[in-house]
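Pasting data-v2.cif here (mmCIF, C-alpha atoms (C1' of nucleotides)):
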```cif
data_entry
loop_
_atom_site.label_atom_id
_atom_site.label_comp_id
_atom_site.auth_asym_id
_atom_site.auth_seq_id
_atom_site.Cartn_x
_atom_site.Cartn_y
_atom_site.Cartn_z
CA MET A 1265 29.65 -12.46 9.55
CA LYS A 1266 27.95 -15.21 11.56
CA GLU A 1267 28.60 -13.19 14.72
CA ARG A 1268 26.97 -10.09 13.32
CA PHE A 1269 24.03 -12.17 12.18
CA LEU A 1270 23.54 -13.70 15.62
CA LYS A 1271 23.89 -10.33 17.30
CA THR A 1272 21.13 -8.96 15.08
CA MET A 1273 18.93 -11.97 15.80
CA HIS A 1274 19.45 -11.66 19.53
CA ALA A 1275 18.52 -7.99 19.44
CA LEU A 1276 15.17 -8.97 17.96
CA THR A 1277 14.16 -11.96 20.07
CA GLU A 1278 15.27 -14.38 22.74
CA LEU A 1279 16.62 -17.51 21.11
CA PRO A 1280 16.79 -20.83 22.97
CA LEU A 1281 20.17 -22.36 22.32
CA ALA A 1282 18.72 -25.45 20.64
CA GLN A 1283 16.81 -23.24 18.20
CA GLU A 1284 19.84 -21.10 17.50
CA GLU A 1285 21.86 -24.16 16.64
CA LYS A 1286 19.20 -25.41 14.26
CA LEU A 1287 19.09 -22.03 12.57
CA LEU A 1288 22.85 -22.02 12.12
CA LYS A 1289 22.59 -25.33 10.27
CA LEU A 1290 20.38 -23.62 7.66
CA ILE A 1291 22.64 -20.73 6.78
CA ARG A 1292 24.89 -20.53 3.73
CA THR A 1293 27.33 -17.73 3.01
CA THR A 1294 27.89 -16.23 -0.45
CA SER A 1295 29.70 -13.38 -2.10
CA VAL A 1296 27.74 -11.13 -4.40
CA ALA A 1297 29.61 -9.05 -6.97
CA ARG A 1298 28.74 -5.43 -7.55
CA GLY A 1299 25.86 -5.28 -10.05
CA GLU A 1300 24.83 -8.87 -9.43
CA HIS A 1301 21.19 -9.56 -8.52
CA PHE A 1302 19.88 -11.34 -5.45
CA ILE A 1303 16.43 -11.53 -7.05
CA ARG A 1304 14.96 -10.37 -10.33
CA GLU A 1305 11.45 -9.15 -11.06
CA GLY A 1306 9.32 -12.11 -12.13
CA GLN A 1307 11.20 -14.73 -10.12
CA VAL A 1308 9.55 -16.51 -7.21
CA PRO A 1309 11.86 -15.99 -4.23
CA ARG A 1310 12.97 -19.22 -2.59
CA GLN A 1311 15.31 -17.76 -0.02
CA PHE A 1312 15.97 -14.69 2.03
CA GLY A 1313 19.25 -13.19 3.15
CA PHE A 1314 21.22 -11.19 5.66
CA ILE A 1315 23.84 -8.66 4.61
CA GLY A 1316 27.14 -9.12 6.44
CA LYS A 1317 29.03 -6.63 4.31
CA GLY A 1318 28.14 -4.43 1.37
CA LEU A 1319 25.11 -2.57 0.10
CA PHE A 1320 21.99 -3.45 -1.90
CA ARG A 1321 19.10 -1.63 -3.44
CA TYR A 1322 15.56 -2.76 -4.22
CA TYR A 1323 14.12 -1.27 -7.41
CA TYR A 1324 11.08 -1.36 -9.64
CA VAL A 1325 11.16 -0.92 -13.41
CA ASP A 1326 8.15 0.77 -15.01
CA TYR A 1327 6.62 0.13 -18.46
CA ASN A 1328 9.02 2.67 -19.98
CA GLY A 1329 12.08 1.01 -18.54
CA ASN A 1330 12.62 3.69 -15.90
CA GLU A 1331 14.05 2.45 -12.62
CA PHE A 1332 12.59 3.47 -9.25
CA THR A 1333 14.52 2.65 -6.12
CA LYS A 1334 12.34 1.23 -3.39
CA GLY A 1335 15.05 1.20 -0.76
CA PHE A 1336 18.71 0.90 0.18
CA PHE A 1337 19.93 -1.90 2.45
CA PRO A 1338 23.38 -1.79 4.02
CA GLU A 1339 25.27 -4.32 6.16
CA GLY A 1340 23.38 -5.63 9.16
CA THR A 1341 19.97 -5.75 7.49
CA PHE A 1342 17.83 -8.52 6.03
CA LEU A 1343 17.34 -9.07 2.34
CA SER A 1344 14.14 -10.38 0.77
CA SER A 1345 11.23 -9.85 -1.51
CA TYR A 1346 9.10 -10.68 1.48
CA SER A 1347 5.54 -10.30 0.18
CA ALA A 1348 6.33 -12.39 -2.89
CA MET A 1349 8.17 -15.03 -0.88
CA ILE A 1350 5.39 -15.66 1.64
CA GLN A 1351 2.72 -15.65 -1.07
CA ASN A 1352 4.83 -17.86 -3.32
CA ARG A 1353 4.44 -15.50 -6.25
CA PRO A 1354 6.87 -13.62 -8.54
CA SER A 1355 8.62 -10.58 -7.12
CA TYR A 1356 7.52 -7.20 -8.48
CA PHE A 1357 10.97 -5.72 -7.93
CA ASN A 1358 14.69 -6.42 -8.28
CA ILE A 1359 17.40 -6.60 -5.64
CA GLU A 1360 20.89 -5.64 -6.79
CA ALA A 1361 24.26 -5.35 -5.05
CA LEU A 1362 25.67 -1.82 -5.29
CA GLU A 1363 28.97 -2.89 -3.71
CA PRO A 1364 30.84 -6.18 -3.51
CA SER A 1365 28.93 -7.88 -0.70
CA GLU A 1366 29.01 -10.85 1.63
CA ILE A 1367 25.67 -12.31 2.58
CA ILE A 1368 24.05 -15.17 4.45
CA THR A 1369 21.20 -16.96 2.71
CA ILE A 1370 18.47 -19.13 4.21
CA ASP A 1371 16.08 -21.36 2.33
CA PHE A 1372 12.52 -20.23 2.97
CA GLN A 1373 10.95 -23.71 3.15
CA GLN A 1374 13.54 -24.91 5.64
CA TRP A 1375 13.03 -21.74 7.63
CA LYS A 1376 9.27 -22.31 7.64
CA SER A 1377 9.70 -25.80 9.01
CA LEU A 1378 12.01 -24.54 11.69
CA SER A 1379 9.79 -21.62 12.63
CA ALA A 1380 6.81 -23.95 13.11
CA GLU A 1381 8.79 -25.73 15.81
CA HIS A 1382 9.08 -22.98 18.37
CA PRO A 1383 7.20 -19.76 19.22
CA CYS A 1384 10.40 -17.70 19.45
CA TRP A 1385 10.40 -17.47 15.65
CA ASN A 1386 7.06 -15.76 15.52
CA THR A 1387 8.26 -13.28 18.09
CA PHE A 1388 11.21 -12.63 15.83
CA LEU A 1389 8.95 -12.20 12.81
CA VAL A 1390 6.69 -9.79 14.65
CA ALA A 1391 9.69 -7.66 15.58
CA ILE A 1392 10.98 -7.61 12.00
CA LEU A 1393 7.57 -6.88 10.52
CA GLU A 1394 6.87 -4.08 12.96
CA LYS A 1395 10.13 -2.43 11.96
CA ALA A 1396 9.46 -2.85 8.27
CA PHE A 1397 5.92 -1.59 8.61
CA THR A 1398 7.00 1.50 10.54
CA LYS A 1399 9.58 2.27 7.88
CA LYS A 1400 7.06 1.98 5.05
CA GLU A 1401 4.57 4.06 6.99
CA ASN A 1402 7.14 6.79 7.36
CA ARG A 1403 7.95 6.70 3.66
CA GLU A 1404 4.27 6.96 2.82
CA ARG A 1405 4.04 9.99 5.10
CA GLU A 1406 6.95 11.67 3.33
CA PHE A 1407 5.45 11.14 -0.12
CA LEU A 1408 2.12 12.53 1.08
CA LEU A 1409 3.43 15.53 3.01
CA PHE A 1410 6.79 16.55 1.63
CA ASP A 1411 8.12 18.02 -1.61
CA ALA A 1412 11.27 16.72 -3.29
CA GLU A 1413 13.68 18.98 -1.41
CA THR A 1414 12.28 18.02 1.99
CA ARG A 1415 12.41 14.33 1.06
CA TYR A 1416 16.05 14.76 0.04
CA ARG A 1417 16.93 16.43 3.36
CA SER A 1418 15.18 13.61 5.16
CA PHE A 1419 17.13 11.05 3.12
CA LEU A 1420 20.42 12.74 4.05
CA GLU A 1421 19.48 12.60 7.72
CA GLU A 1422 18.36 9.00 7.66
CA TYR A 1423 21.29 7.71 5.59
CA PRO A 1424 24.20 10.11 6.21
CA ASP A 1425 26.77 7.80 4.60
CA LEU A 1426 24.75 6.76 1.56
CA SER A 1427 25.17 10.02 -0.31
CA GLN A 1428 28.83 9.02 -0.61
CA ARG A 1429 28.24 5.36 -1.43
CA VAL A 1430 25.42 5.74 -3.93
CA LYS A 1431 25.18 7.43 -7.36
CA GLN A 1432 22.94 10.46 -7.46
CA HIS A 1433 20.62 9.13 -10.10
CA MET A 1434 19.80 6.27 -7.74
CA ILE A 1435 19.06 8.67 -4.90
CA ALA A 1436 16.85 10.63 -7.30
CA SER A 1437 14.97 7.47 -8.23
CA TYR A 1438 14.51 6.74 -4.51
CA LEU A 1439 12.98 10.18 -4.02
CA GLY A 1440 10.68 9.74 -6.99
CA ILE A 1441 12.28 12.46 -9.13
CA THR A 1442 14.71 12.63 -12.06
CA PRO A 1443 18.47 13.16 -11.70
CA VAL A 1444 17.99 16.59 -13.29
CA ALA A 1445 15.48 17.58 -10.65
CA LEU A 1446 17.75 16.33 -7.85
CA SER A 1447 20.62 18.38 -9.26
CA ARG A 1448 18.40 21.48 -9.18
CA VAL A 1449 17.41 20.78 -5.59
CA ARG A 1450 21.06 20.42 -4.62
CA ARG A 1451 22.05 23.68 -6.25
CA LYS A 1452 19.18 25.44 -4.51
CA MET A 1453 20.43 23.98 -1.22
CA GLY A 1454 23.98 25.06 -1.95
CA VAL A 1455 25.38 21.52 -2.02
CA THR A 1456 28.49 21.21 -4.15
CA HIS A 1457 29.39 18.22 -6.25
CA THR A 1458 32.24 16.00 -4.98
CA THR A 1459 33.24 12.85 -6.80
CA MET B 976 -20.74 -7.41 15.59
CA LYS B 977 -19.06 -9.96 17.86
CA GLU B 978 -19.70 -12.64 15.23
CA ARG B 979 -18.05 -10.64 12.50
CA PHE B 980 -15.11 -9.96 14.77
CA LEU B 981 -14.65 -13.65 15.57
CA LYS B 982 -14.98 -14.59 11.92
CA THR B 983 -12.21 -12.15 11.04
CA MET B 984 -10.03 -13.47 13.86
CA HIS B 985 -10.56 -17.07 12.79
CA ALA B 986 -9.62 -16.22 9.23
CA LEU B 987 -6.26 -14.97 10.50
CA THR B 988 -5.26 -17.66 12.99
CA GLU B 989 -6.40 -20.77 14.80
CA LEU B 990 -7.78 -19.82 18.18
CA PRO B 991 -7.97 -22.33 21.04
CA LEU B 992 -11.37 -22.00 22.68
CA ALA B 993 -9.93 -20.97 26.03
CA GLN B 994 -7.99 -18.14 24.39
CA GLU B 995 -11.01 -17.01 22.44
CA GLU B 996 -13.03 -16.79 25.62
CA LYS B 997 -10.37 -14.72 27.32
CA LEU B 998 -10.24 -12.39 24.36
CA LEU B 999 -14.00 -11.92 24.43
CA LYS B 1000 -13.74 -10.79 28.04
CA LEU B 1001 -11.52 -7.91 26.90
CA ILE B 1002 -13.75 -6.43 24.25
CA ARG B 1003 -16.00 -3.41 24.68
CA THR B 1004 -18.41 -2.12 22.07
CA THR B 1005 -18.96 1.57 21.33
CA SER B 1006 -20.76 3.79 18.88
CA VAL B 1007 -18.77 6.51 17.16
CA ALA B 1008 -20.60 9.45 15.64
CA ARG B 1009 -19.71 10.77 12.22
CA GLY B 1010 -16.84 13.23 12.61
CA GLU B 1011 -15.82 11.88 16.01
CA HIS B 1012 -12.18 10.83 16.51
CA PHE B 1013 -10.90 7.46 17.61
CA ILE B 1014 -7.45 8.95 18.15
CA ARG B 1015 -5.96 12.39 17.71
CA GLU B 1016 -2.44 13.37 16.68
CA GLY B 1017 -0.32 13.78 19.80
CA GLN B 1018 -2.22 11.29 21.96
CA VAL B 1019 -0.59 8.06 23.08
CA PRO B 1020 -2.92 5.27 21.95
CA ARG B 1021 -4.05 3.01 24.77
CA GLN B 1022 -6.39 0.79 22.80
CA PHE B 1023 -7.04 -0.56 19.36
CA GLY B 1024 -10.31 -1.35 17.66
CA PHE B 1025 -12.27 -3.38 15.17
CA ILE B 1026 -14.88 -1.83 12.89
CA GLY B 1027 -18.19 -3.70 12.96
CA LYS B 1028 -20.06 -1.10 10.95
CA GLY B 1029 -19.15 2.24 9.42
CA LEU B 1030 -16.10 3.85 7.88
CA PHE B 1031 -12.98 5.61 9.16
CA ARG B 1032 -10.08 7.49 7.71
CA TYR B 1033 -6.53 8.01 8.99
CA TYR B 1034 -5.09 11.42 8.20
CA TYR B 1035 -2.04 13.58 8.76
CA VAL B 1036 -2.10 17.36 9.11
CA ASP B 1037 0.92 19.26 7.80
CA TYR B 1038 2.45 22.50 9.13
CA ASN B 1039 0.07 24.53 6.98
CA GLY B 1040 -3.00 22.79 8.29
CA ASN B 1041 -3.54 20.76 5.12
CA GLU B 1042 -4.97 17.30 5.66
CA PHE B 1043 -3.53 14.22 3.96
CA THR B 1044 -5.44 10.98 4.10
CA LYS B 1045 -3.30 7.99 4.93
CA GLY B 1046 -6.02 5.42 4.40
CA PHE B 1047 -9.68 4.47 4.51
CA PHE B 1048 -10.92 1.67 6.75
CA PRO B 1049 -14.38 0.17 6.29
CA GLU B 1050 -16.28 -2.44 8.33
CA GLY B 1051 -14.42 -5.67 9.00
CA THR B 1052 -10.99 -4.06 9.46
CA PHE B 1053 -8.87 -3.20 12.49
CA LEU B 1054 -8.37 0.30 13.80
CA SER B 1055 -5.18 1.55 15.42
CA SER B 1056 -2.25 3.87 15.38
CA TYR B 1057 -0.13 0.77 15.59
CA SER B 1058 3.43 2.12 15.48
CA ALA B 1059 2.64 4.68 18.17
CA MET B 1060 0.79 2.17 20.34
CA ILE B 1061 3.56 -0.42 20.42
CA GLN B 1062 6.24 2.22 20.98
CA ASN B 1063 4.11 3.96 23.61
CA ARG B 1064 4.53 7.32 21.91
CA PRO B 1065 2.11 9.94 20.54
CA SER B 1066 0.37 9.21 17.27
CA TYR B 1067 1.49 11.23 14.25
CA PHE B 1068 -1.95 11.01 12.68
CA ASN B 1069 -5.67 11.23 13.42
CA ILE B 1070 -8.40 8.62 13.03
CA GLU B 1071 -11.87 9.94 12.33
CA ALA B 1072 -15.24 8.30 11.67
CA LEU B 1073 -16.64 9.27 8.26
CA GLU B 1074 -19.94 7.53 8.95
CA PRO B 1075 -21.84 6.66 12.13
CA SER B 1076 -19.95 3.55 13.22
CA GLU B 1077 -20.06 0.66 15.63
CA ILE B 1078 -16.73 -0.59 16.88
CA ILE B 1079 -15.13 -3.01 19.29
CA THR B 1080 -12.27 -1.69 21.43
CA ILE B 1081 -9.57 -3.61 23.25
CA ASP B 1082 -7.18 -2.24 25.83
CA PHE B 1083 -3.62 -2.65 24.61
CA GLN B 1084 -2.07 -3.56 27.99
CA GLN B 1085 -4.66 -6.23 28.63
CA TRP B 1086 -4.17 -7.51 25.11
CA LYS B 1087 -0.42 -7.66 25.68
CA SER B 1088 -0.85 -9.73 28.82
CA LEU B 1089 -3.18 -12.07 27.02
CA SER B 1090 -0.96 -12.38 23.97
CA ALA B 1091 2.01 -13.34 26.15
CA GLU B 1092 0.03 -16.36 27.32
CA HIS B 1093 -0.25 -18.29 24.11
CA PRO B 1094 1.63 -18.47 20.78
CA CYS B 1095 -1.58 -18.25 18.73
CA TRP B 1096 -1.55 -14.50 19.30
CA ASN B 1097 1.80 -14.03 17.65
CA THR B 1098 0.61 -16.03 14.68
CA PHE B 1099 -2.33 -13.66 14.52
CA LEU B 1100 -0.04 -10.63 14.72
CA VAL B 1101 2.22 -11.96 11.99
CA ALA B 1102 -0.77 -12.40 9.70
CA ILE B 1103 -2.05 -8.88 10.39
CA LEU B 1104 1.36 -7.29 10.00
CA GLU B 1105 2.08 -9.10 6.75
CA LYS B 1106 -1.15 -7.78 5.33
CA ALA B 1107 -0.48 -4.25 6.52
CA PHE B 1108 3.07 -4.34 5.21
CA THR B 1109 1.99 -5.58 1.78
CA LYS B 1110 -0.59 -2.80 1.57
CA LYS B 1111 1.94 -0.10 2.45
CA GLU B 1112 4.45 -1.58 0.03
CA ASN B 1113 1.88 -1.36 -2.72
CA ARG B 1114 1.08 2.25 -1.87
CA GLU B 1115 4.78 3.11 -1.94
CA ARG B 1116 5.01 1.52 -5.38
CA GLU B 1117 2.11 3.60 -6.67
CA PHE B 1118 3.64 6.85 -5.42
CA LEU B 1119 6.96 5.96 -7.02
CA LEU B 1120 5.68 4.70 -10.36
CA PHE B 1121 2.31 6.28 -11.08
CA ASP B 1122 0.99 9.76 -11.84
CA ALA B 1123 -2.16 11.14 -10.21
CA GLU B 1124 -4.58 9.79 -12.83
CA THR B 1125 -3.19 6.28 -12.59
CA ARG B 1126 -3.32 6.40 -8.80
CA TYR B 1127 -6.96 7.49 -9.02
CA ARG B 1128 -7.83 4.61 -11.35
CA SER B 1129 -6.11 2.25 -8.98
CA PHE B 1130 -8.05 3.70 -6.05
CA LEU B 1131 -11.34 3.15 -7.89
CA GLU B 1132 -10.40 -0.47 -8.53
CA GLU B 1133 -9.31 -1.17 -5.00
CA TYR B 1134 -12.24 0.59 -3.32
CA PRO B 1135 -15.14 0.47 -5.81
CA ASP B 1136 -17.71 1.58 -3.22
CA LEU B 1137 -15.70 4.33 -1.56
CA SER B 1138 -16.09 6.85 -4.36
CA GLN B 1139 -19.75 6.94 -3.35
CA ARG B 1140 -19.18 6.96 0.41
CA VAL B 1141 -16.34 9.49 0.59
CA LYS B 1142 -16.10 13.17 -0.32
CA GLN B 1143 -13.84 13.93 -3.25
CA HIS B 1144 -11.52 16.23 -1.38
CA MET B 1145 -10.70 13.31 0.91
CA ILE B 1146 -9.98 11.06 -2.04
CA ALA B 1147 -7.76 13.80 -3.43
CA SER B 1148 -5.88 14.04 -0.15
CA TYR B 1149 -5.43 10.25 -0.22
CA LEU B 1150 -3.91 10.50 -3.69
CA GLY B 1151 -1.58 13.29 -2.62
CA ILE B 1152 -3.18 15.97 -4.84
CA THR B 1153 -5.62 18.88 -4.37
CA PRO B 1154 -9.38 18.64 -4.97
CA VAL B 1155 -8.90 20.93 -7.96
CA ALA B 1156 -6.37 18.55 -9.49
CA LEU B 1157 -8.65 15.56 -8.89
CA SER B 1158 -11.51 17.36 -10.57
CA ARG B 1159 -9.30 17.98 -13.60
CA VAL B 1160 -8.28 14.33 -13.72
CA ARG B 1161 -11.92 13.27 -13.56
CA ARG B 1162 -12.89 15.58 -16.39
CA LYS B 1163 -10.04 14.25 -18.52
CA MET B 1164 -11.29 10.71 -17.77
CA GLY B 1165 -14.84 11.67 -18.70
CA VAL B 1166 -16.23 10.97 -15.23
CA THR B 1167 -19.34 12.97 -14.51
CA HIS B 1168 -20.24 14.38 -11.14
CA THR B 1169 -23.12 12.67 -9.28
CA THR B 1170 -24.13 13.77 -5.78
"C1'" DC C 1154 -39.59 29.54 1.38
"C1'" DT C 1155 -35.05 31.80 2.21
"C1'" DA C 1156 -30.51 32.17 3.95
"C1'" DT C 1157 -26.43 29.80 4.71
"C1'" DG C 1158 -22.72 26.70 4.10
"C1'" DC C 1159 -20.39 22.98 1.86
"C1'" DC C 1160 -18.86 20.91 -2.18
"C1'" DG C 1161 -17.33 20.07 -6.96
"C1'" DT C 1162 -16.19 22.47 -11.12
"C1'" DT C 1163 -13.88 25.73 -13.85
"C1'" DA C 1164 -10.67 29.39 -15.21
"C1'" DA C 1165 -6.36 32.10 -14.84
"C1'" DC C 1166 -2.11 32.20 -13.34
"C1'" DA C 1167 2.20 30.40 -10.71
"C1'" DT C 1168 5.51 26.83 -9.75
"C1'" DA C 1169 7.72 22.26 -9.32
"C1'" DG C 1170 9.28 18.90 -11.78
"C1'" DG C 1171 9.84 16.27 -16.46
"C1'" DT C 1172 12.30 16.09 -21.05
"C1'" DT C 1173 15.88 16.79 -24.09
"C1'" DA C 1174 20.22 18.18 -25.24
"C1'" DA C 1175 24.77 20.20 -24.54
"C1'" DT C 1176 28.84 20.42 -21.62
"C1'" DG C 1177 32.72 19.31 -18.66
"C1'" DA C 1178 34.90 16.21 -15.17
"C1'" DC C 1179 36.53 11.97 -14.47
"C1'" DA C 1180 37.61 7.04 -15.02
"C1'" DT C 1181 38.49 3.20 -18.13
"C1'" DT C 1182 40.25 1.13 -22.17
"C1'" DA C 1183 42.55 0.91 -26.57
"C1'" DT D 966 48.16 9.59 -25.25
"C1'" DA D 967 43.72 9.34 -27.37
"C1'" DA D 968 39.07 7.49 -27.49
"C1'" DT D 969 35.12 6.22 -25.04
"C1'" DG D 970 31.60 6.01 -21.56
"C1'" DT D 971 29.42 7.47 -17.31
"C1'" DC D 972 27.86 10.92 -14.45
"C1'" DA D 973 26.43 15.51 -12.53
"C1'" DT D 974 25.31 20.01 -14.03
"C1'" DT D 975 22.97 23.44 -16.62
"C1'" DA D 976 19.74 25.57 -19.90
"C1'" DA D 977 15.48 25.79 -22.61
"C1'" DC D 978 11.21 24.39 -23.01
"C1'" DC D 979 6.96 21.62 -21.69
"C1'" DT D 980 3.40 19.60 -18.61
"C1'" DA D 981 1.20 18.42 -14.38
"C1'" DT D 982 -0.18 20.14 -10.39
"C1'" DG D 983 -0.75 23.97 -6.89
"C1'" DT D 984 -3.21 28.46 -5.74
"C1'" DT D 985 -6.79 31.57 -5.73
"C1'" DA D 986 -11.14 32.96 -6.86
"C1'" DA D 987 -15.72 32.76 -8.89
"C1'" DC D 988 -19.86 30.09 -9.64
"C1'" DG D 989 -23.72 26.93 -9.28
"C1'" DG D 990 -25.96 22.87 -7.12
"C1'" DC D 991 -27.59 20.96 -3.24
"C1'" DA D 992 -28.65 20.15 1.60
"C1'" DT D 993 -29.85 22.04 6.00
"C1'" DA D 994 -31.36 25.39 9.41
"C1'" DG D 995 -34.26 28.87 10.39
#
```

Step by step, read the file and then write its structure as structure tokens.
Amino acid sequence: MKERFLKTMHALTELPLAQEEKLLKLIRTTSVARGEHFIREGQVPRQFGFIGKGLFRYYYVDYNGNEFTKGFFPEGTFLSSYSAMIQNRPSYFNIEALEPSEIITIDFQQWKSLSAEHPCWNTFLVAILEKAFTKKENREREFLLFDAETRYRSFLEEYPDLSQRVKQHMIASYLGITPVALSRVRRKMGVTHTT
Amino acid sequence: MKERFLKTMHALTELPLAQEEKLLKLIRTTSVARGEHFIREGQVPRQFGFIGKGLFRYYYVDYNGNEFTKGFFPEGTFLSSYSAMIQNRPSYFNIEALEPSEIITIDFQQWKSLSAEHPCWNTFLVAILEKAFTKKENREREFLLFDAETRYRSFLEEYPDLSQRVKQHMIASYLGITPVALSRVRRKMGVTHTT
DNA sequence: CTATGCCGTTAACATAGGTTAATGACATTA
DNA sequence: TAATGTCATTAACCTATGTTAACGGCATAG
């Protein structure tokens, strides 16, 4: 897992060896059972993570108790309620493991101290934030321009494996529709149900 | 305008005087007429801007020619098709002045050279990107959780002055609905039309 | 002043998607 | 095996929003 983590880091920025070693001293590894939460709505995040193995989803719950999936995060991606963490306020959403997962965690305060030490960390942050921003921008575009069927096709293209790993009602909640509506879209598209 | 620009920069990061002076050598000021475009879909952005006075909107056009407003940007904010600019690819959306405006422009290549010189520029970028990300995240949340009326109320809260400065069909296209639907929502809310 | 065009409203109708409930497939547990 | 629970599908009905078209107010050009 550490290797995958370092590979991902290196792809995002150049890391001086001394800095890399300091970072490695901050990491902890944990297992997360399926259904377990990395963060719950209302909690102030004190750490962020990196997924070595497994799958997570971020989701909101509305005033009626309905769940809306903000995103899916598979192995090789970072894990955090970022806005809440940097503003030191409660998270608006939940992060839940959809599969038994192995993750790395890093304490945010320790990370902040480290990142103040060397400019490479800001380069890293810029790279991460640019990626995240571009992704959100694209999602905004799809909500503005596309109907449910087109958003579903786009989801299938972007995450070809997830339609096998994730329950349909969660995909529906990611698309902003009900499971019933997704089922209708699938029938219209000629997709057939496989368990 | 230069003063406002510097004030905004200082609010985002600490600028060594030498760096500030170099930045000021890069800026150009321009007037943009109402209806004129800062960037058009399909163009590769070569510069970004800062709005000293006026108002802009970012908008997509779909395959049917319908316009969808991505966002409104008033004085004191930055102006760019950021994802396209950093990836050196054509912009997916247009940026248009809704009012006669005064802006500062900065050439992206020159900015890149400057920003490589000193870590303060990455700190600045991180601050900007965190803001932009948080804003997009919030918009995603509203599309997922809220119906059109709730999104309209939220728009009115976030941009109290814009309902006076912006035509309703543009507000509708920002909310992801038609002008007809917005008019219905307004009637239901008891809002009365003032020109 | 008059003609024109743009905009917001309204109405009538069409459609996508929400809601509820029933059903069958499958997996889990007693 | 039987009982239970979860999930995707389907149907019937409902509601929000899209589409088209008519209308009136207002600004602007002539």

Atom-to-atom span, atom CA of B:Pro1049 and atom CA of B:Tyr1134, Å: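 Pair atom CA of B:Pro1049 / atom CA of B:Tyr1134 returns 9.9 Å.
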
Please write as a VMD selection string the full residue list that the PyMOL selection byres ((chain B and resi 989-1001) around 7) yields on this file. chain B and resid 985 988 1002 to 1003 1081 1095

Requested write-out: C-alpha atoms of the selected residues, as a PDB file, keeping the file's coordinate frame:
```
ATOM      1  CA  HIS B 985     -10.560 -17.070  12.790  1.00  0.00           C
ATOM      2  CA  THR B 988      -5.260 -17.660  12.990  1.00  0.00           C
ATOM      3  CA  ILE B1002     -13.750  -6.430  24.250  1.00  0.00           C
ATOM      4  CA  ARG B1003     -16.000  -3.410  24.680  1.00  0.00           C
ATOM      5  CA  ILE B1081      -9.570  -3.610  23.250  1.00  0.00           C
ATOM      6  CA  CYS B1095      -1.580 -18.250  18.730  1.00  0.00           C
TER       7      CYS B1095
END
```

Write out as CSV the residues of chain A that have any atom within 9 Å of an atom of chain C, one row each with the nearest atom pair and its distance in Å to one decimal, counting only C-alpha atoms (C1' of nucleotides), sorted by chain and then rising number.
```
residue,atom,partner,partner_atom,distance
A:Asp1411,CA,C:DA1169,C1',8.8
A:Ala1412,CA,C:DA1169,C1',8.9
A:Ile1441,CA,C:DG1170,C1',7.6
A:Thr1442,CA,C:DG1171,C1',7.5
A:Val1444,CA,C:DG1171,C1',8.8
A:Ala1445,CA,C:DG1170,C1',6.4
A:Thr1459,CA,C:DC1179,C1',8.4
```

Provide as an MDAnalysis selection string the residues of chain A at most 10 Å from chain B, counting only C-alpha atoms. chainID A and resid 1323:1327 1330:1334 1346:1348 1350 1356:1357 1382:1405 1407:1410 1437:1441

Kindly give the distance, in Å, that separates atom CA of B:Phe980 and atom CA of B:Gln1022, rounded to a single decimal.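 Separation of atom CA of B:Phe980 and atom CA of B:Gln1022: 16.0 Å.
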
Spatial neighbours of A:Phe1314, max dist 6 Å, only C-alpha atoms (C1' of nucleotides), sep filter under 3 positions, as a list in words: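 Residues near the query, excluding close chain neighbours: Thr1341, Phe1342, Leu1343, Ile1367 and Ile1368 of chain A.
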
May I ask you to extract the residues of chain D within 12 Å of chain B, using only C-alpha atoms (C1' of nucleotides), and to give them as a ChimeraX atom specification? /D:981-985,990-992

Put those residues in a file: C-alpha atoms (C1' of nucleotides), as a PDB file, in the coordinates of the input.
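Output (result_17.pdb):
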```pdb
ATOM      1  C1'  DA D 981       1.200  18.420 -14.380  1.00  0.00           C
ATOM      2  C1'  DT D 982      -0.180  20.140 -10.390  1.00  0.00           C
ATOM      3  C1'  DG D 983      -0.750  23.970  -6.890  1.00  0.00           C
ATOM      4  C1'  DT D 984      -3.210  28.460  -5.740  1.00  0.00           C
ATOM      5  C1'  DT D 985      -6.790  31.570  -5.730  1.00  0.00           C
ATOM      6  C1'  DG D 990     -25.960  22.870  -7.120  1.00  0.00           C
ATOM      7  C1'  DC D 991     -27.590  20.960  -3.240  1.00  0.00           C
ATOM      8  C1'  DA D 992     -28.650  20.150   1.600  1.00  0.00           C
TER       9       DA D 992
END
```

So the first atom is atom CA of B:Ser1076 and the second is atom CA of B:Arg1032; what is the distance between them in Å, to one decimal place?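 So the two atoms, atom CA of B:Ser1076 and atom CA of B:Arg1032, lie 12.0 Å apart.
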
With all atoms of stretch 1171-1182 of chain C from the file as input, state the centre and edge lengths in Å to one decimal of the axis-aligned box that has 4 Å extra on each side, as AutoDock Vina command-line options.
```
--center_x 25.0 --center_y 10.8 --center_z -19.9 --size_x 38.4 --size_y 27.3 --size_z 18.8
```

Applied to the shown file, which residues does the PyMOL selection byres ((chain B and resi 1008) around 12) return, written as JSON, numbers by chain? {"B": [1005, 1006, 1007, 1009, 1010, 1011, 1012, 1013, 1028, 1029, 1030, 1031, 1071, 1072, 1073, 1074, 1075, 1076, 1077, 1078]}
